[in-house]
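What follows is the content of run06.cif, which has mmCIF, C-alpha atoms:
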data_start
#
loop_
_atom_site.label_atom_id
_atom_site.label_comp_id
_atom_site.auth_asym_id
_atom_site.auth_seq_id
_atom_site.Cartn_x
_atom_site.Cartn_y
_atom_site.Cartn_z
CA MET A 30 62.70 107.22 119.09
CA LYS A 31 65.87 108.50 117.45
CA LYS A 32 64.22 108.26 114.00
CA LEU A 33 61.18 110.14 115.21
CA GLN A 34 63.35 112.89 116.66
CA ALA A 35 65.33 113.00 113.40
CA PHE A 36 62.08 113.30 111.44
CA VAL A 37 60.87 116.19 113.58
CA CYS A 38 64.23 117.94 113.27
CA ALA A 39 64.23 117.39 109.50
CA PHE A 40 60.73 118.84 109.27
CA VAL A 41 61.76 121.99 111.14
CA LEU A 42 64.73 122.40 108.80
CA PHE A 43 62.45 121.84 105.81
CA VAL A 44 60.02 124.54 106.95
CA VAL A 45 62.92 127.00 107.25
CA PHE A 46 64.12 125.93 103.78
CA ALA A 47 60.64 126.39 102.24
CA ILE A 48 60.23 129.84 103.78
CA ALA A 49 63.67 130.90 102.51
CA LEU A 50 62.95 129.49 99.04
CA ASN A 51 59.64 131.32 98.82
CA ALA A 52 61.31 134.54 99.91
CA VAL A 53 63.71 134.18 96.98
CA VAL A 54 60.87 133.29 94.59
CA ASP A 55 58.87 136.34 95.63
CA ASN A 56 61.77 138.53 94.53
CA VAL A 57 61.33 137.63 90.86
CA ASP A 58 60.15 140.49 88.69
CA PHE A 59 57.49 139.39 86.22
CA THR A 60 57.31 142.83 84.61
CA GLN A 61 60.91 143.19 83.47
CA PRO A 62 61.34 144.56 79.93
CA GLY A 63 61.58 141.35 77.89
CA PHE A 64 58.86 139.44 79.73
CA SER A 65 55.79 140.34 77.68
CA THR A 66 57.29 139.06 74.43
CA TRP A 67 59.15 136.14 75.98
CA TYR A 68 58.34 132.75 74.50
CA ASN A 69 57.87 130.45 77.47
CA ALA A 70 55.29 127.83 78.47
CA ALA A 71 55.46 128.56 82.20
CA LYS A 72 54.79 132.24 81.51
CA ASP A 73 51.65 131.43 79.52
CA ARG A 74 50.37 129.23 82.35
CA CYS A 75 50.72 131.85 85.06
CA ALA A 76 47.69 134.13 84.75
CA PRO A 77 48.76 136.50 87.57
CA ALA A 78 52.13 137.09 85.85
CA LEU A 79 50.39 137.78 82.54
CA SER A 80 47.99 140.17 84.28
CA ALA A 81 50.90 142.06 85.80
CA ASN A 82 52.07 142.87 82.26
CA ILE A 83 48.81 144.42 81.12
CA ASP A 84 48.66 148.17 81.33
CA ASP A 85 46.77 150.89 79.48
CA THR A 86 48.62 150.43 76.19
CA THR A 87 48.87 146.64 76.09
CA MET A 88 47.30 144.56 73.35
CA LEU A 89 47.10 140.79 73.62
CA VAL A 90 48.38 138.78 70.68
CA MET A 91 47.46 135.13 71.09
CA GLY A 92 48.74 132.40 68.84
CA SER A 93 50.81 129.25 69.00
CA SER A 94 54.13 127.90 67.75
CA GLU A 95 54.82 130.69 65.26
CA PHE A 96 56.25 132.81 68.11
CA ASN A 97 59.07 130.28 68.48
CA HIS A 98 60.30 130.69 64.92
CA GLN A 99 62.93 133.15 63.77
CA LYS A 100 63.29 134.55 67.30
CA LYS A 101 66.76 135.86 66.46
CA SER A 102 65.61 137.57 63.30
CA LYS A 103 65.21 141.33 63.23
CA TYR A 104 61.81 140.70 61.62
CA HIS A 105 60.43 138.76 64.59
CA ILE A 106 57.82 140.84 66.38
CA LYS A 107 59.76 140.91 69.63
CA ASN A 108 62.78 142.43 67.89
CA MET A 109 60.92 144.68 65.49
CA PHE A 110 59.21 146.99 67.95
CA SER A 111 60.12 148.67 71.18
CA LYS A 112 57.45 148.81 73.85
CA GLU A 113 56.92 152.49 73.08
CA ASP A 114 56.14 151.68 69.43
CA MET A 115 53.82 148.78 70.15
CA ASP A 116 53.07 147.25 73.53
CA VAL A 117 52.04 143.63 73.00
CA LEU A 118 51.71 140.68 75.32
CA LEU A 119 52.44 137.53 73.34
CA ILE A 120 50.66 134.40 74.53
CA GLY A 121 51.16 131.21 72.57
CA GLN A 122 52.79 127.81 72.54
CA PRO A 123 52.47 124.69 70.39
CA TYR A 124 49.05 123.13 71.06
CA ALA A 125 47.55 126.37 72.41
CA GLN A 126 44.32 126.69 70.45
CA SER A 127 41.01 128.54 70.59
CA LEU A 128 39.70 126.97 73.79
CA SER A 129 42.78 127.52 75.94
CA HIS A 130 43.00 131.09 74.61
CA ALA A 131 39.30 131.63 75.41
CA ILE A 132 39.95 130.56 78.99
CA THR A 133 43.07 132.70 79.31
CA LEU A 134 41.32 135.69 77.78
CA ALA A 135 38.42 135.31 80.21
CA SER A 136 40.84 135.42 83.14
CA LEU A 137 42.83 138.41 81.83
CA ALA A 138 40.09 140.55 80.34
CA PRO A 139 39.11 142.29 83.61
CA ASP A 140 42.64 143.78 83.67
CA MET A 141 42.34 145.15 80.14
CA LYS A 142 41.03 148.57 80.97
CA GLY A 143 43.04 150.66 78.53
CA LYS A 144 43.65 149.28 75.05
CA LYS A 145 40.96 146.54 75.14
CA LYS A 146 42.25 144.87 71.98
CA VAL A 147 43.09 141.26 71.28
CA MET A 148 44.35 139.56 68.16
CA LEU A 149 44.08 135.82 67.63
CA LEU A 150 46.45 134.22 65.13
CA LEU A 151 44.54 131.17 63.85
CA SER A 152 46.52 128.36 62.34
CA PRO A 153 44.48 126.22 59.93
CA THR A 154 46.12 123.18 61.54
CA TRP A 155 44.00 123.84 64.64
CA PHE A 156 40.95 122.81 62.63
CA LYS A 157 42.20 119.40 61.60
CA ASN A 158 39.58 116.73 62.23
CA GLU A 159 38.42 116.84 65.86
CA GLY A 160 40.19 120.10 66.70
CA VAL A 161 42.35 120.31 69.80
CA LYS A 162 43.55 116.92 71.01
CA PRO A 163 42.95 116.08 74.70
CA GLU A 164 46.66 115.64 75.45
CA ALA A 165 47.41 118.93 73.74
CA PHE A 166 44.77 120.79 75.74
CA ALA A 167 46.02 119.19 78.95
CA SER A 168 49.59 120.29 78.23
CA ARG A 169 48.49 123.94 78.03
CA PHE A 170 46.03 123.84 80.90
CA SER A 171 46.44 126.55 83.52
CA ASP A 172 44.66 126.32 86.86
CA SER A 173 45.04 130.02 87.56
CA ALA A 174 43.53 130.95 84.18
CA TYR A 175 40.77 128.37 84.53
CA VAL A 176 39.74 129.58 87.96
CA GLY A 177 39.97 133.16 86.71
CA MET A 178 37.58 132.27 83.89
CA LEU A 179 35.10 130.50 86.17
CA THR A 180 34.97 133.41 88.58
CA ASN A 181 34.76 136.20 85.99
CA THR A 182 31.13 137.24 86.33
CA ASP A 183 31.40 139.60 83.34
CA ILE A 184 31.19 136.44 81.22
CA PRO A 185 27.64 135.06 80.94
CA LEU A 186 27.08 131.93 82.98
CA ALA A 187 26.15 129.93 79.88
CA THR A 188 29.48 130.78 78.20
CA ARG A 189 31.46 129.83 81.29
CA GLN A 190 29.52 126.59 81.59
CA ALA A 191 30.16 125.80 77.94
CA MET A 192 33.90 126.29 78.43
CA ALA A 193 33.79 124.20 81.61
CA GLU A 194 31.94 121.35 79.88
CA ARG A 195 34.37 121.41 76.98
CA ALA A 196 37.36 121.37 79.35
CA ALA A 197 35.88 118.54 81.40
CA GLU A 198 35.25 116.51 78.25
CA LEU A 199 38.79 117.01 76.94
CA LEU A 200 40.38 116.21 80.29
CA LYS A 201 38.23 113.23 81.24
CA ASP A 202 41.07 110.75 80.70
CA ASN A 203 43.62 112.81 82.63
CA LYS A 204 43.09 111.75 86.23
CA ASP A 205 44.74 114.67 88.00
CA LEU A 206 43.43 117.49 85.82
CA SER A 207 39.98 115.96 85.60
CA LYS A 208 39.74 115.81 89.40
CA ARG A 209 40.77 119.46 89.75
CA VAL A 210 38.51 120.72 86.95
CA ASN A 211 35.52 118.89 88.40
CA LEU A 212 36.33 120.29 91.84
CA TYR A 213 36.43 123.86 90.48
CA ASN A 214 33.33 123.33 88.34
CA ASN A 215 31.31 121.96 91.25
CA ALA A 216 32.38 124.82 93.49
CA VAL A 217 31.17 127.41 90.98
CA PHE A 218 28.23 125.71 89.29
CA GLY A 219 27.18 123.09 91.83
CA LYS A 220 23.84 123.62 93.55
CA ASN A 221 24.98 122.86 97.10
CA PRO A 222 28.74 122.32 97.03
CA GLY A 223 29.14 122.44 100.81
CA ARG A 224 31.74 124.36 102.85
CA LEU A 225 34.28 121.56 102.81
CA ARG A 226 34.17 121.27 99.04
CA LEU A 227 34.39 125.02 98.65
CA PHE A 228 37.42 125.11 100.92
CA GLU A 229 39.01 122.23 99.02
CA ALA A 230 38.44 123.99 95.70
CA PHE A 231 39.82 127.27 97.04
CA PHE A 232 42.87 125.62 98.58
CA THR A 233 43.58 123.53 95.48
CA GLY A 234 43.28 126.58 93.24
CA TRP A 235 45.61 128.54 95.48
CA LEU A 236 48.16 125.70 95.68
CA GLN A 237 48.20 125.20 91.91
CA SER A 238 48.53 128.94 91.34
CA GLU A 239 51.54 128.99 93.70
CA ARG A 240 52.97 126.05 91.82
CA GLU A 241 52.61 127.86 88.50
CA ARG A 242 54.25 130.94 90.00
CA SER A 243 57.16 128.94 91.40
CA GLN A 244 57.74 127.21 88.08
CA LEU A 245 57.70 130.53 86.29
CA SER A 246 60.06 132.08 88.82
CA ALA A 247 62.54 129.28 88.26
CA GLU A 248 62.28 129.79 84.50
CA VAL A 249 62.80 133.54 84.85
CA LYS A 250 65.91 132.99 86.94
CA LEU A 251 67.29 130.51 84.42
CA ASN A 252 66.63 132.82 81.46
CA GLN A 253 67.88 136.17 82.71
CA LYS A 254 70.21 136.50 79.72
CA VAL A 255 67.29 136.26 77.30
CA LEU A 256 65.03 138.53 79.32
CA LYS A 257 67.61 141.26 79.76
CA LYS A 258 67.41 142.00 76.03
CA ALA A 259 64.68 144.59 75.86
CA PRO A 260 62.04 144.39 73.12
CA GLY A 261 63.07 146.11 69.94
CA SER A 262 66.69 144.99 70.10
CA SER A 263 67.82 143.22 66.99
CA GLN A 264 69.44 139.92 67.72
CA ASP A 265 69.89 138.80 64.16
CA GLU A 266 73.40 137.52 63.60
CA THR A 267 72.92 136.29 60.09
CA VAL A 268 71.09 138.87 58.09
CA GLY A 269 73.37 141.50 56.66
CA ASP A 270 76.09 143.44 58.40
CA SER A 271 74.06 146.38 59.56
CA ASP A 272 73.16 146.79 63.21
CA GLU A 273 70.49 149.32 62.39
CA MET A 274 66.93 148.67 63.37
CA PRO A 275 64.70 147.91 60.40
CA ASP A 276 62.58 150.79 59.25
CA TRP A 277 59.23 149.24 60.01
CA LYS A 278 57.40 152.34 58.91
CA THR A 279 57.84 151.36 55.26
CA TRP A 280 56.37 147.92 54.96
CA ASP A 281 56.98 147.53 51.22
CA ALA A 282 60.67 148.22 51.76
CA MET A 283 60.74 145.74 54.63
CA TRP A 284 59.05 143.11 52.48
CA ASP A 285 61.55 143.65 49.65
CA GLU A 286 64.46 143.50 52.07
CA ALA A 287 63.20 140.24 53.62
CA ASP A 288 62.69 138.85 50.12
CA ARG A 289 66.28 139.68 49.16
CA ASP A 290 67.57 138.18 52.42
CA THR A 291 66.08 134.77 51.64
CA ALA A 292 66.10 134.80 47.82
CA ASP A 293 68.76 132.11 47.48
CA ASP A 294 67.50 129.87 50.27
CA HIS A 295 64.30 128.28 49.00
CA ASP A 296 65.13 126.51 45.74
CA ASN A 297 63.05 123.37 46.39
CA PRO A 298 59.62 122.06 45.32
CA LEU A 299 57.97 123.50 48.41
CA ASN A 300 59.62 126.95 48.30
CA MET A 301 60.51 126.69 51.97
CA ASP A 302 63.71 127.28 53.85
CA GLU A 303 66.36 125.12 52.21
CA ARG A 304 67.73 123.80 55.49
CA THR A 305 64.29 122.69 56.67
CA TRP A 306 63.66 121.07 53.30
CA GLU A 307 66.93 119.12 53.53
CA GLU A 308 66.51 118.10 57.17
CA LYS A 309 62.80 117.37 57.48
CA PHE A 310 60.94 117.23 54.18
CA LYS A 311 63.18 115.98 51.41
CA ASP A 312 63.25 112.34 52.54
CA LYS A 313 59.55 112.09 53.17
CA TYR A 314 58.47 114.12 50.14
CA LEU A 315 58.03 111.32 47.64
CA THR A 316 55.99 109.16 50.03
CA SER A 317 53.77 111.91 51.45
CA GLY A 318 51.32 112.30 48.62
CA ASN A 319 48.45 110.92 50.68
CA LEU A 320 49.60 112.12 54.09
CA HIS A 321 46.55 114.31 54.60
CA ARG A 322 44.13 112.32 52.48
CA ASN A 323 41.91 111.71 55.50
CA THR A 324 42.40 115.09 57.08
CA ARG A 325 39.41 117.36 57.08
CA LEU A 326 38.96 120.96 58.17
CA ASP A 327 35.19 120.83 58.65
CA GLY A 328 34.93 119.17 62.08
CA PRO A 329 32.73 121.25 64.41
CA ASN A 330 34.85 121.43 67.55
CA GLU A 331 37.43 124.09 66.78
CA TYR A 332 34.81 126.35 65.18
CA ALA A 333 32.73 126.01 68.34
CA ASP A 334 35.81 126.82 70.46
CA LEU A 335 36.43 129.90 68.30
CA ARG A 336 32.87 130.98 69.01
CA LEU A 337 33.57 130.64 72.73
CA PHE A 338 36.65 132.86 72.34
CA LEU A 339 34.61 135.49 70.56
CA SER A 340 31.81 135.20 73.12
CA VAL A 341 34.31 136.02 75.86
CA ALA A 342 35.63 138.99 73.88
CA LYS A 343 32.10 140.22 73.24
CA ALA A 344 31.13 139.99 76.90
CA GLU A 345 34.21 142.01 77.82
CA LYS A 346 33.62 144.52 74.98
CA LEU A 347 37.03 143.87 73.46
CA ASP A 348 38.05 144.87 69.98
CA VAL A 349 39.09 141.68 68.19
CA GLU A 350 40.87 140.81 65.00
CA ILE A 351 41.11 137.20 63.85
CA VAL A 352 44.04 136.45 61.56
CA ILE A 353 44.02 133.28 59.46
CA LEU A 354 47.67 132.38 59.05
CA PRO A 355 48.95 131.22 55.68
CA VAL A 356 50.16 127.66 55.24
CA ASN A 357 52.50 126.19 52.66
CA GLY A 358 50.09 125.71 49.77
CA TYR A 359 52.61 123.65 47.79
CA TRP A 360 52.94 121.14 50.65
CA TYR A 361 49.27 120.82 51.46
CA ASP A 362 48.20 120.55 47.83
CA TYR A 363 50.78 117.80 47.38
CA THR A 364 49.68 115.93 50.53
CA SER A 365 45.99 116.03 49.59
CA LEU A 366 44.78 118.77 51.90
CA GLY A 367 43.83 120.89 48.94
CA LYS A 368 42.80 124.47 48.40
CA SER A 369 39.09 123.73 48.48
CA GLN A 370 39.33 122.45 52.07
CA ARG A 371 41.34 125.48 53.11
CA GLU A 372 38.83 127.76 51.38
CA TYR A 373 36.08 126.05 53.38
CA LEU A 374 37.91 127.05 56.56
CA SER A 375 38.29 130.64 55.37
CA ASP A 376 34.58 130.83 54.53
CA GLU A 377 33.48 129.37 57.85
CA VAL A 378 35.72 131.66 59.87
CA ALA A 379 34.49 134.61 57.82
CA LYS A 380 30.89 133.66 58.70
CA ILE A 381 31.76 133.45 62.39
CA THR A 382 33.62 136.76 62.48
CA SER A 383 30.76 138.41 60.62
CA GLU A 384 28.29 136.95 63.12
CA PHE A 385 30.27 138.48 65.99
CA GLY A 386 31.04 141.71 64.16
CA VAL A 387 34.82 141.40 64.49
CA LYS A 388 37.63 142.06 62.03
CA LEU A 389 39.15 139.32 59.95
CA ALA A 390 42.52 139.30 58.17
CA ASP A 391 42.66 136.23 55.95
CA LEU A 392 46.30 135.79 54.96
CA SER A 393 45.68 132.48 53.18
CA ASP A 394 46.16 134.28 49.84
CA TYR A 395 49.86 134.23 50.70
CA SER A 396 49.97 130.43 50.90
CA TYR A 397 51.84 130.21 47.60
CA GLU A 398 54.26 133.06 48.28
CA PRO A 399 57.79 131.69 47.85
CA GLY A 400 60.00 132.17 50.89
CA LEU A 401 57.13 133.13 53.19
CA LEU A 402 57.32 130.09 55.47
CA THR A 403 60.22 128.05 56.79
CA ASP A 404 58.22 124.82 56.66
CA ALA A 405 54.58 123.82 56.29
CA VAL A 406 53.21 126.44 58.65
CA HIS A 407 55.77 128.68 60.36
CA PRO A 408 56.72 132.22 59.32
CA TRP A 409 60.07 133.01 57.77
CA GLN A 410 61.46 136.49 57.23
CA LYS A 411 58.75 137.69 54.83
CA GLY A 412 56.19 135.85 56.90
CA TRP A 413 57.15 137.89 59.92
CA VAL A 414 57.04 141.15 57.97
CA LEU A 415 53.51 140.25 56.91
CA LEU A 416 52.48 139.43 60.49
CA ASP A 417 54.18 142.50 61.91
CA GLU A 418 52.31 144.78 59.53
CA THR A 419 49.00 143.05 60.27
CA ILE A 420 49.49 143.25 64.02
CA PHE A 421 50.81 146.82 63.97
CA SER A 422 47.97 148.02 61.75
CA PHE A 423 45.40 146.64 64.16
CA TYR A 424 47.23 148.10 67.13
CA LYS A 425 47.27 151.52 65.52
CA ASP A 426 43.80 151.24 63.92
CA GLU A 427 45.29 151.63 60.47
CA GLU A 428 44.52 149.69 57.32
CA PRO A 429 47.44 147.56 56.11
CA ALA A 430 48.84 148.48 52.70
CA ASP A 431 47.85 146.11 49.87
CA MET B 30 69.76 121.49 136.51
CA LYS B 31 66.82 120.42 134.38
CA ARG B 32 67.71 123.00 131.72
CA PHE B 33 71.29 121.93 131.82
CA SER B 34 70.29 118.32 131.28
CA LEU B 35 68.13 119.42 128.31
CA PHE B 36 71.14 121.07 126.68
CA THR B 37 73.19 117.97 127.38
CA ARG B 38 70.58 115.77 125.74
CA MET B 39 70.41 118.04 122.72
CA LYS B 40 74.18 118.07 122.45
CA ASN B 41 74.28 114.28 122.65
CA LEU B 42 71.60 114.06 119.98
CA LEU B 43 73.29 116.44 117.58
CA THR B 44 76.61 114.74 117.96
CA ASP B 45 75.05 111.34 117.38
CA ARG B 46 76.06 110.21 113.95
CA GLY B 47 72.96 108.10 113.47
CA PHE B 48 70.68 111.02 114.33
CA ARG B 49 72.44 113.28 111.83
CA LYS B 50 72.24 110.61 109.15
CA TYR B 51 68.47 110.14 109.60
CA THR B 52 67.87 113.88 109.82
CA LEU B 53 69.73 114.48 106.58
CA PHE B 54 67.93 111.62 104.88
CA PHE B 55 64.45 112.82 105.92
CA PHE B 56 65.31 116.42 105.04
CA ALA B 57 66.56 115.42 101.57
CA CYS B 58 63.38 113.39 100.96
CA MET B 59 61.21 116.33 101.93
CA VAL B 60 63.12 118.75 99.72
CA VAL B 61 63.03 116.40 96.73
CA LEU B 62 59.32 115.76 97.19
CA TYR B 63 58.61 119.48 97.52
CA ILE B 64 60.59 120.40 94.43
CA PHE B 65 58.98 117.57 92.49
CA LEU B 66 55.48 118.67 93.53
CA ILE B 67 56.16 122.27 92.56
CA TYR B 68 58.03 121.75 89.30
CA ALA B 69 56.95 118.36 87.93
CA GLY B 70 53.92 119.60 85.99
CA GLY B 71 55.98 122.10 84.07
CA MET B 72 58.03 119.38 82.42
CA SER B 73 55.16 117.49 80.85
CA GLN B 74 54.76 117.56 77.08
CA PRO B 75 52.32 115.67 74.91
CA GLU B 76 53.82 112.58 73.39
CA PHE B 77 53.11 113.31 69.79
CA THR B 78 54.59 115.54 67.13
CA TYR B 79 52.73 118.68 66.41
CA ALA B 80 51.77 119.94 63.02
CA GLU B 81 55.07 120.67 61.35
CA PHE B 82 53.70 118.49 58.63
#

Could you write out this structure as structure tokens?
Amino acid sequence: MKKLQAFVCAFVLFVVFAIALNAVVDNVDFTQPGFSTWYNAAKDRCAPALSANIDDTTMLVMGSSEFNHQKKSKYHIKNMFSKEDMDVLLIGQPYAQSLSHAITLASLAPDMKGKKKVMLLLSPTWFKNEGVKPEAFASRFSDSAYVGMLTNTDIPLATRQAMAERAAELLKDNKDLSKRVNLYNNAVFGKNPGRLRLFEAFFTGWLQSERERSQLSAEVKLNQKVLKKAPGSSQDETVGDSDEMPDWKTWDAMWDEADRDTADDHDNPLNMDERTWEEKFKDKYLTSGNLHRNTRLDGPNEYADLRLFLSVAKAEKLDVEIVILPVNGYWYDYTSLGKSQREYLSDEVAKITSEFGVKLADLSDYSYEPGLLTDAVHPWQKGWVLLDETIFSFYKDEEPAD
Amino acid sequence: MKRFSLFTRMKNLLTDRGFRKYTLFFFACMVVLYIFLIYAGGMSQPEFTYAEF
């Protein structure tokens, strides 16, 4: 009896605790100045928080791990521009590829009433072999975005079903996600789901959305120091002595400056950042000649996922630019993923963008530019200048300088 | 009198060491479970290295 009474008392205390905790969580501001360019996985998963950061001037820039590199550099997009110069919402994490971005875009597009522009930064690594790996897709899965996609009736039913089938296939070995995805899919596409199933799907979607919000709120509270730095504030502690903002209006000058800043730091066979070469590539270099011998870039999945992304954009009448990111040509030639394979990718993506009537910026010509990348794929100082100009030009509807 | 005896019973319960111990234990379990349910998913990462190479 005493234990039962203790349990009831504990439950009452817990309810008070949960209410108080939620009151604190609800106080978190998801639209504070640094949020839209903040690199954080919980942010990318919380569709309502992303939506809250879309206003009439916002352009979506979707990519992956490149946003995590050179974050302290004045050339990084989040430091280069103030919100008044260019209002972007960055969405991207390692393993976020075309399909997860298609789903996120489908959930956010109804809120894009002003700018209606989206840029997708495509890494050639996305197209390796079978495309996105199931575990990778699962790690980036967002219930709130998924439900938002399923219920966005602007997107043709066939496109939503295609995304749902692809998600179900990728998640079939993940017990928890598979159960939830099938629940949502049956509620939306099932012939006679029944009231109980509908309620279960609704409640599960709501609970998961609350979970995503709580996780994000905790992250925001833990990262207040990072978020308090407004976009456009230079945080670079290593490049030069000047505290002045870079003059991003003269891209050639920026490029030359970034080139000078890194001129002495890439004296290695792969022309990458010297520190990365020493720490990660030097030891494996001699034995990596056949590392990518069996890697192909002509598997159908990622191209099909890219088509889904563009189908969503088309249905929502969004202006799109696809950017093929450069890779370290020296590394990939050496490891047997040669130029011809990479050219195949460029040609295929060009066909797809032409089919959908969207812009394409193929930056693969820069794959042999010394000092462009820190490693095999991620932008260094010059790399960021190149990306900044590409993104800014699209935002402003200008042609980038040659 | 009945109300008075209710207060007395509550007072006896709250001052009972065993009751407090069980209450604290159950409360801690609920809080831990709640926090785990809310935040566990956010910690998961795939167990393979992504394409730095």

Convert the output of the PyMOL selection byres ((chain A and resi 181) around 12) on the shown file into explicit residues, formatted as a PDB file with C-alpha atoms, in the frame of the given file.
ATOM      1  CA  ILE A 132      39.950 130.560  78.990  1.00  0.00           C
ATOM      2  CA  THR A 133      43.070 132.700  79.310  1.00  0.00           C
ATOM      3  CA  LEU A 134      41.320 135.690  77.780  1.00  0.00           C
ATOM      4  CA  ALA A 135      38.420 135.310  80.210  1.00  0.00           C
ATOM      5  CA  SER A 136      40.840 135.420  83.140  1.00  0.00           C
ATOM      6  CA  LEU A 137      42.830 138.410  81.830  1.00  0.00           C
ATOM      7  CA  ALA A 138      40.090 140.550  80.340  1.00  0.00           C
ATOM      8  CA  PRO A 139      39.110 142.290  83.610  1.00  0.00           C
ATOM      9  CA  ASP A 140      42.640 143.780  83.670  1.00  0.00           C
ATOM     10  CA  ALA A 174      43.530 130.950  84.180  1.00  0.00           C
ATOM     11  CA  TYR A 175      40.770 128.370  84.530  1.00  0.00           C
ATOM     12  CA  VAL A 176      39.740 129.580  87.960  1.00  0.00           C
ATOM     13  CA  GLY A 177      39.970 133.160  86.710  1.00  0.00           C
ATOM     14  CA  MET A 178      37.580 132.270  83.890  1.00  0.00           C
ATOM     15  CA  LEU A 179      35.100 130.500  86.170  1.00  0.00           C
ATOM     16  CA  THR A 180      34.970 133.410  88.580  1.00  0.00           C
ATOM     17  CA  THR A 182      31.130 137.240  86.330  1.00  0.00           C
ATOM     18  CA  ASP A 183      31.400 139.600  83.340  1.00  0.00           C
ATOM     19  CA  ILE A 184      31.190 136.440  81.220  1.00  0.00           C
ATOM     20  CA  PRO A 185      27.640 135.060  80.940  1.00  0.00           C
ATOM     21  CA  LEU A 186      27.080 131.930  82.980  1.00  0.00           C
ATOM     22  CA  THR A 188      29.480 130.780  78.200  1.00  0.00           C
ATOM     23  CA  ARG A 189      31.460 129.830  81.290  1.00  0.00           C
ATOM     24  CA  GLN A 190      29.520 126.590  81.590  1.00  0.00           C
ATOM     25  CA  VAL A 217      31.170 127.410  90.980  1.00  0.00           C
ATOM     26  CA  VAL A 341      34.310 136.020  75.860  1.00  0.00           C
ATOM     27  CA  ALA A 344      31.130 139.990  76.900  1.00  0.00           C
ATOM     28  CA  GLU A 345      34.210 142.010  77.820  1.00  0.00           C
TER      29      GLU A 345
END

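Counting only C-alpha atoms, the residue from B:Phe36, B:Phe56, B:Phe65, B:Gly47 that sits nearest to chain A is B:Phe56.
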
**Asked** the PyMOL selection byres ((chain A) within 8 of (chain B)) on the file shown: which residues, as a VMD selection string?
**Response** chain A and resid 31 to 32 34 to 36 38 to 40 42 to 43 71 123 to 124 154 164 to 165 168 240 to 241 243 to 244 404 to 406

Limited to C-alpha atoms, could you put the picked residues into a file as a PDB file, in the coordinates of the input?
ATOM      1  CA  LYS A  31      65.870 108.500 117.450  1.00  0.00           C
ATOM      2  CA  LYS A  32      64.220 108.260 114.000  1.00  0.00           C
ATOM      3  CA  GLN A  34      63.350 112.890 116.660  1.00  0.00           C
ATOM      4  CA  ALA A  35      65.330 113.000 113.400  1.00  0.00           C
ATOM      5  CA  PHE A  36      62.080 113.300 111.440  1.00  0.00           C
ATOM      6  CA  CYS A  38      64.230 117.940 113.270  1.00  0.00           C
ATOM      7  CA  ALA A  39      64.230 117.390 109.500  1.00  0.00           C
ATOM      8  CA  PHE A  40      60.730 118.840 109.270  1.00  0.00           C
ATOM      9  CA  LEU A  42      64.730 122.400 108.800  1.00  0.00           C
ATOM     10  CA  PHE A  43      62.450 121.840 105.810  1.00  0.00           C
ATOM     11  CA  ALA A  71      55.460 128.560  82.200  1.00  0.00           C
ATOM     12  CA  PRO A 123      52.470 124.690  70.390  1.00  0.00           C
ATOM     13  CA  TYR A 124      49.050 123.130  71.060  1.00  0.00           C
ATOM     14  CA  THR A 154      46.120 123.180  61.540  1.00  0.00           C
ATOM     15  CA  GLU A 164      46.660 115.640  75.450  1.00  0.00           C
ATOM     16  CA  ALA A 165      47.410 118.930  73.740  1.00  0.00           C
ATOM     17  CA  SER A 168      49.590 120.290  78.230  1.00  0.00           C
ATOM     18  CA  ARG A 240      52.970 126.050  91.820  1.00  0.00           C
ATOM     19  CA  GLU A 241      52.610 127.860  88.500  1.00  0.00           C
ATOM     20  CA  SER A 243      57.160 128.940  91.400  1.00  0.00           C
ATOM     21  CA  GLN A 244      57.740 127.210  88.080  1.00  0.00           C
ATOM     22  CA  ASP A 404      58.220 124.820  56.660  1.00  0.00           C
ATOM     23  CA  ALA A 405      54.580 123.820  56.290  1.00  0.00           C
ATOM     24  CA  VAL A 406      53.210 126.440  58.650  1.00  0.00           C
TER      25      VAL A 406
END

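Note that atom CA of A:Asp376 and atom CA of A:Lys411 are 25.1 Å apart.
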
**Asked** atom CA of A:Glu194 to atom CA of A:Leu79: how many Å, to one decimal?
**Response**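 That distance, rounded to one decimal, is 24.8 Å.
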
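The smallest atom-to-atom distance between A:Leu389 and any of A:Ser171, A:Asn158, A:Thr419, A:Gln370, using only C-alpha atoms, is found for A:Thr419.
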
**Message:** Selection in question (the file shown): the PyMOL selection byres ((chain A and resi 56-70) around 8). Which residues does it include, as a ChimeraX atom specification?
**Reply:** /A:52-55,71-74,78-79,81-82,96-97,107,117-122,169,246,249-250,255-260

**Message:** Just the number, please: distance in Å from atom CA of A:Val210 to atom CA of A:Gly234, one decimal.
**Reply:** 9.8 Å

**Item:** Near-A:Phe423 list (10 Å; only C-alpha atoms; drop same-chain fewer than 2 positions) as number ranges by chain
**Value:** A: 88, 146-148, 348-350, 388, 390, 417-421, 425-429

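Near stretch 280-294 of chain A, within 7 Å and counting only C-alpha atoms, sit A:Val268, A:Asp302, A:Glu303, A:Gly400, A:Gln410, A:Lys411, A:Val414, A:Glu418; same-chain residues fewer than 4 positions away were not included.
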
How would the residues just chosen look if you wrote them out with C-alpha atoms as a short mmCIF file (atom, residue, chain, number, x, y, z; two decimals), keeping the file's coordinate frame?
data_model
loop_
_atom_site.label_atom_id
_atom_site.label_comp_id
_atom_site.auth_asym_id
_atom_site.auth_seq_id
_atom_site.Cartn_x
_atom_site.Cartn_y
_atom_site.Cartn_z
CA VAL A 268 71.09 138.87 58.09
CA ASP A 302 63.71 127.28 53.85
CA GLU A 303 66.36 125.12 52.21
CA GLY A 400 60.00 132.17 50.89
CA GLN A 410 61.46 136.49 57.23
CA LYS A 411 58.75 137.69 54.83
CA VAL A 414 57.04 141.15 57.97
CA GLU A 418 52.31 144.78 59.53
#
